[in-house]
$ cat model.txt   # compact mmCIF, C-alpha atoms
# COMPACT_ATOMS: atom_id res chain seq x y z
CA MET A 67 62.94 290.09 88.85
CA LEU A 68 60.98 288.99 85.79
CA ASN A 69 58.34 291.60 86.53
CA ASN A 70 60.75 294.42 85.89
CA ILE A 71 61.45 293.74 82.23
CA ASN A 72 60.66 296.92 80.34
CA PRO A 73 57.74 296.36 77.92
CA THR A 74 58.96 299.09 75.57
CA LYS A 75 62.22 297.26 75.02
CA ILE A 76 60.46 293.94 74.43
CA PHE A 77 58.12 295.74 72.06
CA PHE A 78 60.95 296.83 69.76
CA ILE A 79 62.64 293.44 69.79
CA ILE A 80 59.38 291.70 68.95
CA ASN A 81 58.65 294.03 66.05
CA ARG A 82 62.04 293.32 64.53
CA LEU A 83 61.78 289.53 65.13
CA GLN A 84 58.37 289.17 63.50
CA LYS A 85 59.61 290.05 60.03
CA TYR A 86 62.37 287.42 60.03
CA ILE A 87 60.14 284.72 61.47
CA LEU A 88 57.49 285.44 58.85
CA ILE A 89 60.04 285.03 56.04
CA LEU A 90 61.47 281.84 57.57
CA PHE A 91 57.95 280.47 58.09
CA LEU A 92 56.98 281.07 54.44
CA VAL A 93 60.17 279.42 53.14
CA VAL A 94 59.81 276.33 55.36
CA LEU A 95 56.08 276.09 54.62
CA VAL A 96 56.59 276.16 50.83
CA ILE A 97 59.36 273.54 50.93
CA GLY A 98 57.35 271.47 53.42
CA LEU A 99 54.18 271.56 51.31
CA LEU A 100 56.11 270.65 48.15
CA GLU A 101 57.68 267.69 49.97
CA ALA A 102 54.38 266.64 51.53
CA LEU A 103 52.15 266.98 48.47
CA VAL A 104 54.47 266.44 45.49
CA PHE A 105 57.82 264.82 46.18
CA SER A 106 57.09 262.36 48.99
CA PRO A 107 55.94 258.88 47.93
CA GLU A 108 52.47 257.52 48.52
CA ASP A 109 51.97 254.93 51.24
CA TYR A 110 51.97 251.19 50.43
CA LYS A 111 48.62 250.72 52.11
CA GLN A 112 46.68 253.97 52.30
CA SER A 113 48.22 255.50 49.12
CA ASP A 114 47.64 259.26 48.90
CA SER A 115 45.65 259.71 52.11
CA VAL A 116 48.97 259.45 53.96
CA ARG A 117 49.48 263.10 52.98
CA ILE A 118 46.84 264.13 55.51
CA MET A 119 49.27 262.93 58.17
CA TYR A 120 51.71 265.74 57.29
CA VAL A 121 49.16 268.22 58.61
CA HIS A 122 47.47 266.09 61.25
CA VAL A 123 50.49 264.93 63.24
CA PRO A 124 52.38 268.29 63.39
CA ALA A 125 49.14 270.06 64.36
CA ALA A 126 48.58 267.57 67.19
CA TRP A 127 52.19 267.87 68.39
CA ILE A 128 52.12 271.66 68.39
CA SER A 129 48.79 271.88 70.21
CA LEU A 130 50.06 269.47 72.87
CA GLY A 131 53.36 271.32 73.15
CA ILE A 132 51.75 274.73 73.52
CA PHE A 133 49.36 273.46 76.18
CA SER A 134 52.25 271.96 78.13
CA ILE A 135 54.09 275.28 78.04
CA ILE A 136 50.96 277.15 79.16
CA SER A 137 50.47 274.71 82.06
CA ILE A 138 54.05 274.89 83.28
CA LEU A 139 54.07 278.70 83.07
CA SER A 140 50.76 278.66 84.99
CA PHE A 141 52.51 277.05 87.96
CA VAL A 142 54.98 279.93 87.94
CA ILE A 143 52.15 282.46 87.60
CA LEU A 144 50.28 281.09 90.62
CA ILE A 145 53.32 280.63 92.82
CA PHE A 146 55.30 283.77 92.01
CA LYS A 147 52.39 285.96 90.85
CA ASN A 148 54.26 286.71 87.66
CA LYS A 149 52.07 288.93 85.48
CA ASN A 150 54.33 288.90 82.46
CA PHE A 151 53.97 285.11 82.21
CA SER A 152 50.20 285.45 82.27
CA LEU A 153 50.44 287.66 79.19
CA ILE A 154 52.56 284.95 77.57
CA THR A 155 50.09 282.14 78.32
CA LYS A 156 47.20 284.29 77.17
CA SER A 157 48.99 284.98 73.87
CA LEU A 158 49.98 281.33 73.35
CA ALA A 159 46.51 279.82 73.70
CA PRO A 160 44.82 280.83 70.39
CA SER A 161 47.30 279.13 68.05
CA GLY A 162 47.36 276.03 70.25
CA PHE A 163 43.58 275.86 70.13
CA VAL A 164 43.47 276.30 66.35
CA PHE A 165 46.03 273.50 65.84
CA ASN A 166 44.04 271.29 68.18
CA ILE A 167 40.93 271.79 66.02
CA ILE A 168 42.98 271.20 62.86
CA ALA A 169 44.24 267.90 64.32
CA LEU A 170 40.69 266.78 65.15
CA VAL A 171 39.26 267.76 61.76
CA THR A 172 42.07 266.29 59.64
CA GLY A 173 41.95 263.13 61.75
CA SER A 174 38.27 262.84 61.01
CA ILE A 175 38.83 263.37 57.27
CA TRP A 176 41.56 260.69 57.34
CA GLY A 177 39.45 258.32 59.42
CA LYS A 178 36.57 258.06 56.98
CA PRO A 179 38.50 256.49 54.05
CA THR A 180 40.92 254.45 56.22
CA TRP A 181 38.97 253.27 59.26
CA GLY A 182 35.53 253.58 57.72
CA THR A 183 34.22 256.10 60.27
CA TRP A 184 34.43 259.85 60.86
CA TRP A 185 34.60 259.56 64.62
CA ALA A 186 35.30 256.95 67.28
CA TRP A 187 35.04 257.44 71.03
CA ASP A 188 38.37 255.80 71.70
CA ALA A 189 40.79 257.04 74.36
CA ARG A 190 43.09 259.02 72.05
CA ILE A 191 40.38 260.89 70.17
CA THR A 192 38.27 261.58 73.26
CA SER A 193 41.24 262.89 75.27
CA MET A 194 42.20 265.11 72.33
CA LEU A 195 38.65 266.50 72.30
CA LEU A 196 39.01 267.12 76.03
CA LEU A 197 42.18 269.13 75.32
CA ALA A 198 40.16 271.34 72.97
CA VAL A 199 37.62 271.85 75.77
CA PHE A 200 40.43 272.87 78.17
CA TYR A 201 41.79 275.31 75.56
CA LEU A 202 38.31 276.75 75.13
CA MET A 203 37.80 277.11 78.88
CA PHE A 204 41.20 278.81 79.17
CA ILE A 205 40.44 281.29 76.39
CA LEU A 206 36.89 281.93 77.62
CA SER A 207 38.04 282.56 81.20
CA TRP A 208 39.92 285.64 79.93
CA ARG A 209 36.85 286.83 78.04
CA ILE A 210 34.27 286.22 80.74
CA ILE A 211 36.08 287.44 83.85
CA ASP A 212 36.46 291.23 83.94
CA GLN A 213 38.82 291.52 86.89
CA ASN A 214 42.31 290.89 85.61
CA ASP A 215 43.67 289.34 88.82
CA LYS A 216 40.80 286.90 88.99
CA ALA A 217 41.13 285.98 85.30
CA ILE A 218 44.83 285.22 85.81
CA LYS A 219 44.03 282.87 88.68
CA VAL A 220 41.13 281.04 87.03
CA SER A 221 42.89 280.57 83.69
CA SER A 222 46.04 279.29 85.41
CA ILE A 223 44.04 276.77 87.43
CA ILE A 224 42.31 275.55 84.25
CA ALA A 225 45.70 275.12 82.53
CA ILE A 226 47.18 273.24 85.49
CA LEU A 227 44.21 270.86 85.69
CA GLY A 228 44.44 270.32 81.93
CA LEU A 229 48.07 269.25 82.31
CA ILE A 230 46.84 265.93 83.73
CA ASN A 231 45.22 265.26 80.36
CA VAL A 232 48.49 265.70 78.44
CA PRO A 233 50.19 262.39 79.41
CA ILE A 234 46.82 260.69 79.01
CA ILE A 235 46.71 261.84 75.37
CA LYS A 236 50.32 260.81 74.77
CA PHE A 237 50.09 257.33 76.30
CA SER A 238 46.41 256.54 75.62
CA VAL A 239 47.39 254.42 72.62
CA ASP A 240 49.75 252.33 74.78
CA TRP A 241 47.62 252.03 77.92
CA TRP A 242 44.31 251.05 76.34
CA SER A 243 43.18 249.40 73.15
CA THR A 244 42.27 252.21 70.79
CA LEU A 245 41.23 252.52 67.17
CA HIS A 246 43.97 255.12 66.76
CA GLN A 247 47.35 253.63 65.85
CA PRO A 248 50.28 253.79 68.30
CA SER A 249 52.87 256.51 67.74
CA SER A 250 55.28 256.02 64.85
CA VAL A 251 57.90 258.55 65.82
CA ASN A 252 59.60 257.44 69.02
CA LEU A 253 62.62 258.80 70.78
CA LEU A 254 63.56 255.61 72.59
CA GLU A 255 62.28 252.98 70.21
CA GLU A 256 62.54 252.52 66.49
CA THR A 257 60.68 255.00 64.31
CA THR A 258 58.27 253.25 61.97
CA ILE A 259 57.94 255.95 59.33
CA HIS A 260 60.16 255.65 56.27
CA SER A 261 62.77 258.43 56.01
CA SER A 262 61.23 259.76 52.77
CA MET A 263 58.05 260.45 54.76
CA LEU A 264 59.81 261.67 57.87
CA LEU A 265 61.29 264.61 55.95
CA PRO A 266 57.98 266.34 55.03
CA LEU A 267 56.69 265.54 58.53
CA SER A 268 59.64 267.35 60.14
CA LEU A 269 59.38 270.29 57.74
CA MET A 270 55.67 270.73 58.36
CA THR A 271 56.25 270.52 62.11
CA ALA A 272 58.88 273.26 61.84
CA ALA A 273 56.52 275.38 59.70
CA PHE A 274 53.65 275.02 62.19
CA ALA A 275 55.96 275.80 65.10
CA LEU A 276 57.18 278.96 63.36
CA PHE A 277 53.58 279.94 62.62
CA SER A 278 52.70 279.51 66.30
CA VAL A 279 55.65 281.68 67.32
CA LEU A 280 54.55 284.32 64.83
CA ILE A 281 50.94 284.39 66.06
CA PHE A 282 52.21 284.36 69.64
CA LEU A 283 54.45 287.40 69.02
CA MET A 284 51.58 289.29 67.38
CA LYS A 285 49.24 288.53 70.29
CA TYR A 286 51.91 289.37 72.84
CA ASN A 287 52.55 292.64 71.04
CA THR A 288 48.85 293.50 71.27
CA GLU A 289 48.82 292.76 74.97
CA LEU A 290 51.81 295.05 75.50
CA ILE A 291 50.15 297.84 73.51
CA LYS A 292 47.02 297.44 75.66
CA ILE A 293 49.15 297.92 78.77
CA LYS A 294 50.90 300.94 77.26
CA ASN A 295 47.53 302.49 76.47
CA LYS A 296 46.57 302.12 80.09
CA GLY A 297 49.47 304.41 80.83
CA LEU A 298 51.53 301.92 82.79
CA ASP A 299 55.23 301.84 82.17
CA ARG A 300 55.71 298.49 83.89
CA LEU A 301 53.58 295.44 84.44
CA MET B 25 65.84 282.93 98.73
CA TYR B 26 62.07 283.16 98.33
CA GLY B 27 59.69 284.36 100.98
CA LYS B 28 57.73 282.05 103.24
CA LYS B 29 54.50 282.96 101.47
CA VAL B 30 55.84 281.90 98.08
CA LYS B 31 57.05 278.58 99.50
CA LEU B 32 53.69 277.90 101.13
CA ARG B 33 51.87 278.79 97.92
CA ALA B 34 54.11 276.40 95.95
CA LEU B 35 53.44 273.60 98.42
CA PHE B 36 49.71 274.29 98.40
CA ILE B 37 49.43 274.25 94.59
CA LEU B 38 51.62 271.16 94.34
CA LEU B 39 49.49 269.29 96.88
CA ILE B 40 46.25 270.19 95.10
CA PHE B 41 47.75 269.17 91.77
CA LEU B 42 48.99 265.83 93.12
CA SER B 43 45.65 265.01 94.72
CA VAL B 44 43.82 265.73 91.46
CA VAL B 45 46.33 263.56 89.58
CA LEU B 46 45.78 260.74 92.04
CA THR B 47 41.99 261.10 91.86
CA SER B 48 41.94 260.99 88.08
CA PHE B 49 44.28 258.00 88.14
CA LEU B 50 41.89 256.11 90.42
CA ILE B 51 38.88 257.09 88.30
CA PHE B 52 40.57 255.87 85.13
CA LYS B 53 41.67 252.67 86.86
CA SER B 54 38.12 251.84 87.85
CA LEU B 55 36.74 252.80 84.45
CA GLU B 56 39.28 250.65 82.59
CA GLU B 57 36.46 248.52 81.16
CA ASN B 58 34.87 251.50 79.45
CA VAL B 59 38.03 253.25 78.35
CA VAL B 60 39.15 250.41 76.08
CA TYR B 61 37.70 250.76 72.58
CA PHE B 62 37.49 247.04 71.87
CA LYS B 63 38.00 243.64 73.46
CA SER B 64 40.24 240.89 72.14
CA PRO B 65 38.83 237.44 71.26
CA THR B 66 40.53 236.09 74.42
CA GLU B 67 38.74 238.66 76.56
CA VAL B 68 35.45 237.69 74.91
CA LYS B 69 36.16 234.02 75.74
CA ASN B 70 36.69 234.96 79.38
CA LEU B 71 33.55 237.08 79.73
CA ALA B 72 31.62 236.10 82.85
CA GLU B 73 28.28 236.40 81.11
CA LEU B 74 27.09 237.27 77.66
CA GLU B 75 24.98 240.39 77.62
CA ASN B 76 22.76 241.36 74.76
CA LYS B 77 24.66 244.60 74.37
CA LYS B 78 26.62 246.05 71.49
CA ILE B 79 30.27 245.07 71.77
CA ARG B 80 33.46 245.77 69.83
CA VAL B 81 35.99 243.04 69.17
CA GLY B 82 39.37 243.78 67.65
CA GLY B 83 42.35 241.81 66.39
CA MET B 84 43.89 240.57 63.17
CA VAL B 85 41.90 239.21 60.25
CA LYS B 86 43.08 235.60 60.04
CA LYS B 87 44.82 234.66 56.79
CA ASN B 88 42.59 232.82 54.28
CA SER B 89 39.55 233.23 56.49
CA ILE B 90 37.60 235.80 54.46
CA LYS B 91 34.58 234.28 52.73
CA THR B 92 32.16 236.34 50.71
CA ASN B 93 28.86 235.51 49.05
CA ASP B 94 26.15 237.72 47.59
CA LEU B 95 24.67 238.60 50.92
CA GLU B 96 27.38 238.73 53.47
CA ILE B 97 31.05 238.57 54.29
CA SER B 98 32.49 236.40 57.03
CA PHE B 99 35.96 236.19 58.47
CA ILE B 100 37.85 235.21 61.62
CA ILE B 101 39.34 237.71 64.09
CA THR B 102 42.36 236.32 65.89
CA ASP B 103 44.67 237.55 68.64
CA PHE B 104 46.91 234.52 67.99
CA GLN B 105 45.52 232.79 71.09
CA ASN B 106 41.80 232.68 70.49
CA GLU B 107 39.58 233.23 67.49
CA LEU B 108 36.15 234.63 66.83
CA ILE B 109 33.99 234.27 63.74
CA VAL B 110 32.40 237.45 62.39
CA SER B 111 29.66 237.79 59.82
CA PHE B 112 28.63 241.11 58.31
CA LYS B 113 26.18 242.42 55.76
CA GLY B 114 27.37 245.53 54.01
CA SER B 115 30.52 247.04 52.59
CA VAL B 116 33.86 246.97 54.38
CA PRO B 117 36.45 249.80 54.45
CA ASN B 118 39.17 249.88 51.78
CA LEU B 119 41.88 248.95 54.22
CA PHE B 120 40.09 245.80 55.36
CA GLU B 121 42.49 243.03 54.44
CA GLU B 122 43.60 239.66 55.72
CA GLY B 123 46.55 239.76 58.07
CA LYS B 124 45.67 243.35 59.04
CA GLY B 125 43.96 244.90 62.04
CA VAL B 126 40.19 245.13 62.27
CA VAL B 127 37.53 246.19 64.77
CA ALA B 128 34.06 244.65 64.45
CA GLU B 129 31.08 246.17 66.24
CA GLY B 130 27.94 244.13 66.77
CA PHE B 131 26.17 241.56 68.91
CA LEU B 132 27.58 238.29 70.22
CA GLU B 133 25.58 235.21 69.33
CA ASP B 134 27.88 233.09 71.46
CA ARG B 135 31.50 233.23 72.60
CA ASN B 136 32.73 232.31 69.12
CA TYR B 137 30.38 234.20 66.86
CA LEU B 138 29.71 237.89 66.37
CA LYS B 139 27.04 239.35 64.12
CA ALA B 140 28.62 242.64 63.13
CA THR B 141 26.73 245.83 62.37
CA LYS B 142 29.87 247.82 61.54
CA ILE B 143 33.39 246.95 60.42
CA LEU B 144 36.29 249.33 61.00
CA ALA B 145 39.78 248.81 59.61
CA LYS B 146 42.59 249.46 62.05
CA HIS B 147 45.72 251.05 60.65
CA ASP B 148 49.07 250.16 62.18
CA GLU B 149 51.99 252.50 62.93
CA ASN B 150 53.98 251.60 59.80
CA TYR B 151 54.31 254.09 56.98
CA MET B 152 56.44 253.37 53.90
CA PRO B 153 56.46 253.69 50.12
CA PRO B 154 55.28 250.63 48.10
CA GLU B 155 58.83 249.88 46.86
CA VAL B 156 60.10 249.54 50.41
CA GLU B 157 57.29 247.18 51.28
CA GLU B 158 58.12 244.99 48.27
CA ALA B 159 61.80 244.94 49.24
CA LEU B 160 60.82 243.93 52.76
CA LYS B 161 58.62 241.13 51.43
CA GLU B 162 61.43 239.79 49.24
CA ASN B 163 63.84 239.74 52.17
CA ASN B 164 61.43 237.69 54.23

$ encode --input "model.txt" --output "structure tokens"
Amino acid sequence: MLNNINPTKIFFIINRLQKYILILFLVVLVIGLLEALVFSPEDYKQSDSVRIMYVHVPAAWISLGIFSIISILSFVILIFKNKNFSLITKSLAPSGFVFNIIALVTGSIWGKPTWGTWWAWDARITSMLLLAVFYLMFILSWRIIDQNDKAIKVSSIIAILGLINVPIIKFSVDWWSTLHQPSSVNLLEETTIHSSMLLPLSLMTAAFALFSVLIFLMKYNTELIKIKNKGLDRL
Amino acid sequence: MYGKKVKLRALFILLIFLSVVLTSFLIFKSLEENVVYFKSPTEVKNLAELENKKIRVGGMVKKNSIKTNDLEISFIITDFQNELIVSFKGSVPNLFEEGKGVVAEGFLEDRNYLKATKILAKHDENYMPPEVEEALKENN
């Protein structure tokens, strides 16, 4: 059923969508950056270094979210042999990987002035590094393996195995003693970030999400063009 | 609705996934000791034997326990049940403060005394502007 969606139709829709998402992304990003860097107050304890959080936390959320989507779609790919979904996971991975690296680097930059160290091998940071390794393996599996069918299988298996790491990242700060602080934004419990700081955090998260969608659509577009060039009218 | 092959494939992938989940759970369970970044003073008290290995102890810096002289700084780490004295030569991070979280890395002299080689400040999950913190203090 899903295999029969006409790529040409998707192609036109995507081309039209991209423009609007780009405009929306730029607007949200500008407002978000102004809130994060200018209008939001400094923190009572860490003063201005709190502003790193407005990049660090959204980047970490987005990279986790994208990996979860890739993993869940990978189940579908393996079970139903859905080739369209494998194009989607392939196109999602790069932005997830980049946000994962951004989260690690900004965390390190924040860690030096606050904790007093660039890096700590605690459960949260190590599991986040492991996520980057899974992303890298996923992306490389497409590059290394020439046979398309085989690449689909291997990359899906990597994504499914990496899914085990996702709850470990999320709950590492609750299960073990870590240098990394527990989460401040909670759905079930009280959120421990003041509302004036929650606003730039939400805006930046929205901006990063829109950016991921944009990059995803561009990558997906490229994949569809590749298929068209092969002279296939369906996947 | 779906063919037998699809159902079997789903079962097969699910079983593999579950067994890997279970395996990693057991591995993490047995590695618990090494996954934790630091021990609490209570855990140090209950250590079976003191090894001459680098160890990390974390907790709160006890109020009014920080003493400094020209050469070194000493303070008490507490988990509100047990305490541990720490001495350290060198500079501490900006966020090191009494009543706040800290992780000290170093060597245990005995169950109550740690000679630290590195001090890390632990940040908690609270973020707020200075005015809000003052208002909170006044209310308490």

$ interface_residues --input "model.txt" --of "chain A" --to "chain B" --cutoff "10 Å" --atoms "all atoms listed in the file" --output "PyMOL selection string"
chain A and resi 106-113+116+141-142+144-147+177-183+186-190+192+223+226-227+229-231+234+238-239+241-251+257-264

$ write_last_selection --input "model.txt" --atoms "C-alpha atoms" --output "compact mmCIF listing (two decimals), keeping the file's coordinate frame"
# COMPACT_ATOMS: atom_id res chain seq x y z
CA SER A 106 57.09 262.36 48.99
CA PRO A 107 55.94 258.88 47.93
CA GLU A 108 52.47 257.52 48.52
CA ASP A 109 51.97 254.93 51.24
CA TYR A 110 51.97 251.19 50.43
CA LYS A 111 48.62 250.72 52.11
CA GLN A 112 46.68 253.97 52.30
CA SER A 113 48.22 255.50 49.12
CA VAL A 116 48.97 259.45 53.96
CA PHE A 141 52.51 277.05 87.96
CA VAL A 142 54.98 279.93 87.94
CA LEU A 144 50.28 281.09 90.62
CA ILE A 145 53.32 280.63 92.82
CA PHE A 146 55.30 283.77 92.01
CA LYS A 147 52.39 285.96 90.85
CA GLY A 177 39.45 258.32 59.42
CA LYS A 178 36.57 258.06 56.98
CA PRO A 179 38.50 256.49 54.05
CA THR A 180 40.92 254.45 56.22
CA TRP A 181 38.97 253.27 59.26
CA GLY A 182 35.53 253.58 57.72
CA THR A 183 34.22 256.10 60.27
CA ALA A 186 35.30 256.95 67.28
CA TRP A 187 35.04 257.44 71.03
CA ASP A 188 38.37 255.80 71.70
CA ALA A 189 40.79 257.04 74.36
CA ARG A 190 43.09 259.02 72.05
CA THR A 192 38.27 261.58 73.26
CA ILE A 223 44.04 276.77 87.43
CA ILE A 226 47.18 273.24 85.49
CA LEU A 227 44.21 270.86 85.69
CA LEU A 229 48.07 269.25 82.31
CA ILE A 230 46.84 265.93 83.73
CA ASN A 231 45.22 265.26 80.36
CA ILE A 234 46.82 260.69 79.01
CA SER A 238 46.41 256.54 75.62
CA VAL A 239 47.39 254.42 72.62
CA TRP A 241 47.62 252.03 77.92
CA TRP A 242 44.31 251.05 76.34
CA SER A 243 43.18 249.40 73.15
CA THR A 244 42.27 252.21 70.79
CA LEU A 245 41.23 252.52 67.17
CA HIS A 246 43.97 255.12 66.76
CA GLN A 247 47.35 253.63 65.85
CA PRO A 248 50.28 253.79 68.30
CA SER A 249 52.87 256.51 67.74
CA SER A 250 55.28 256.02 64.85
CA VAL A 251 57.90 258.55 65.82
CA THR A 257 60.68 255.00 64.31
CA THR A 258 58.27 253.25 61.97
CA ILE A 259 57.94 255.95 59.33
CA HIS A 260 60.16 255.65 56.27
CA SER A 261 62.77 258.43 56.01
CA SER A 262 61.23 259.76 52.77
CA MET A 263 58.05 260.45 54.76
CA LEU A 264 59.81 261.67 57.87

$ atom_distance --input "model.txt" --atom1 "atom CA of Leu50 of chain B" --atom2 "atom CA of Ile224 of chain A"
20.4 Å

$ closest_residue --input "model.txt" --among "B:Ile109, B:Leu132, B:Leu39, B:Ile51" --to "Arg80 of chain B" --atoms "only C-alpha atoms"
B:Leu132

$ atom_distance --input "model.txt" --atom1 "atom CA of Thr102 of chain B" --atom2 "atom CA of Pro65 of chain B"
6.5 Å

$ atom_distance --input "model.txt" --atom1 "atom CA of Ala272 of chain A" --atom2 "atom CA of Ser140 of chain A"
25.1 Å

$ axis_aligned_box --input "model.txt" --around "segment 63-72 of chain B" --padding-each-side "6 Å" --output "AutoDock Vina command-line options"
--center_x 36.1 --center_y 238.8 --center_z 77.1 --size_x 20.9 --size_y 21.6 --size_z 23.6

$ residues_around --input "model.txt" --residues "Pro266 of chain A" --least-positions-apart "6" --cutoff "10 Å" --atoms "only C-alpha atoms" --output "PDB file with C-alpha atoms, keeping the file's coordinate frame"
ATOM      1  CA  LEU A  95      56.080 276.090  54.620  1.00  0.00           C
ATOM      2  CA  ILE A  97      59.360 273.540  50.930  1.00  0.00           C
ATOM      3  CA  GLY A  98      57.350 271.470  53.420  1.00  0.00           C
ATOM      4  CA  LEU A  99      54.180 271.560  51.310  1.00  0.00           C
ATOM      5  CA  LEU A 100      56.110 270.650  48.150  1.00  0.00           C
ATOM      6  CA  GLU A 101      57.680 267.690  49.970  1.00  0.00           C
ATOM      7  CA  ALA A 102      54.380 266.640  51.530  1.00  0.00           C
ATOM      8  CA  LEU A 103      52.150 266.980  48.470  1.00  0.00           C
ATOM      9  CA  PHE A 105      57.820 264.820  46.180  1.00  0.00           C
ATOM     10  CA  SER A 106      57.090 262.360  48.990  1.00  0.00           C
ATOM     11  CA  ARG A 117      49.480 263.100  52.980  1.00  0.00           C
ATOM     12  CA  MET A 119      49.270 262.930  58.170  1.00  0.00           C
ATOM     13  CA  TYR A 120      51.710 265.740  57.290  1.00  0.00           C
ATOM     14  CA  VAL A 121      49.160 268.220  58.610  1.00  0.00           C
ATOM     15  CA  ALA A 272      58.880 273.260  61.840  1.00  0.00           C
TER      16      ALA A 272
END

$ residues_around --input "model.txt" --residues "Phe77 of chain A" --least-positions-apart "4" --cutoff "12 Å" --atoms "only C-alpha atoms" --output "short mmCIF file (atom, residue, chain, number, x, y, z; two decimals) with C-alpha atoms, in the coordinates of the input"
data_model
loop_
_atom_site.label_atom_id
_atom_site.label_comp_id
_atom_site.auth_asym_id
_atom_site.auth_seq_id
_atom_site.Cartn_x
_atom_site.Cartn_y
_atom_site.Cartn_z
CA ILE A 71 61.45 293.74 82.23
CA ASN A 72 60.66 296.92 80.34
CA PRO A 73 57.74 296.36 77.92
CA ASN A 81 58.65 294.03 66.05
CA ARG A 82 62.04 293.32 64.53
CA LEU A 83 61.78 289.53 65.13
CA GLN A 84 58.37 289.17 63.50
CA LEU A 283 54.45 287.40 69.02
CA MET A 284 51.58 289.29 67.38
CA LYS A 285 49.24 288.53 70.29
CA TYR A 286 51.91 289.37 72.84
CA ASN A 287 52.55 292.64 71.04
CA THR A 288 48.85 293.50 71.27
CA GLU A 289 48.82 292.76 74.97
CA LEU A 290 51.81 295.05 75.50
CA ILE A 291 50.15 297.84 73.51
CA LYS A 292 47.02 297.44 75.66
CA ILE A 293 49.15 297.92 78.77
CA LYS A 294 50.90 300.94 77.26
#

$ closest_residue --input "model.txt" --among "B:Lys139, B:Lys28, B:Lys69, B:Lys161" --to "Phe99 of chain B" --atoms "all atoms listed in the file"
B:Lys139

$ residues_around --input "model.txt" --residues "Arg209 of chain A" --least-positions-apart "4" --cutoff "12 Å" --atoms "all atoms listed in the file" --output "PyMOL selection string"
chain A and resi 156+202-205+213-214+216-218+220-221

$ residues_around --input "model.txt" --residues "Glu133 of chain B" --least-positions-apart "2" --cutoff "12 Å" --atoms "all atoms listed in the file" --output "short mmCIF file (atom, residue, chain, number, x, y, z; two decimals) with C-alpha atoms, keeping the file's coordinate frame"
data_model
loop_
_atom_site.label_atom_id
_atom_site.label_comp_id
_atom_site.auth_asym_id
_atom_site.auth_seq_id
_atom_site.Cartn_x
_atom_site.Cartn_y
_atom_site.Cartn_z
CA VAL B 68 35.45 237.69 74.91
CA LEU B 74 27.09 237.27 77.66
CA GLU B 75 24.98 240.39 77.62
CA ASN B 76 22.76 241.36 74.76
CA LYS B 77 24.66 244.60 74.37
CA LYS B 78 26.62 246.05 71.49
CA ILE B 79 30.27 245.07 71.77
CA LEU B 108 36.15 234.63 66.83
CA ILE B 109 33.99 234.27 63.74
CA VAL B 110 32.40 237.45 62.39
CA SER B 111 29.66 237.79 59.82
CA GLY B 130 27.94 244.13 66.77
CA PHE B 131 26.17 241.56 68.91
CA ARG B 135 31.50 233.23 72.60
CA ASN B 136 32.73 232.31 69.12
CA TYR B 137 30.38 234.20 66.86
CA LEU B 138 29.71 237.89 66.37
CA LYS B 139 27.04 239.35 64.12
CA ALA B 140 28.62 242.64 63.13
#

$ closest_residue --input "model.txt" --among "A:Phe200, A:Phe282, A:Phe78, A:Phe274" --to "Leu90 of chain A" --atoms "all atoms listed in the file"
A:Phe274
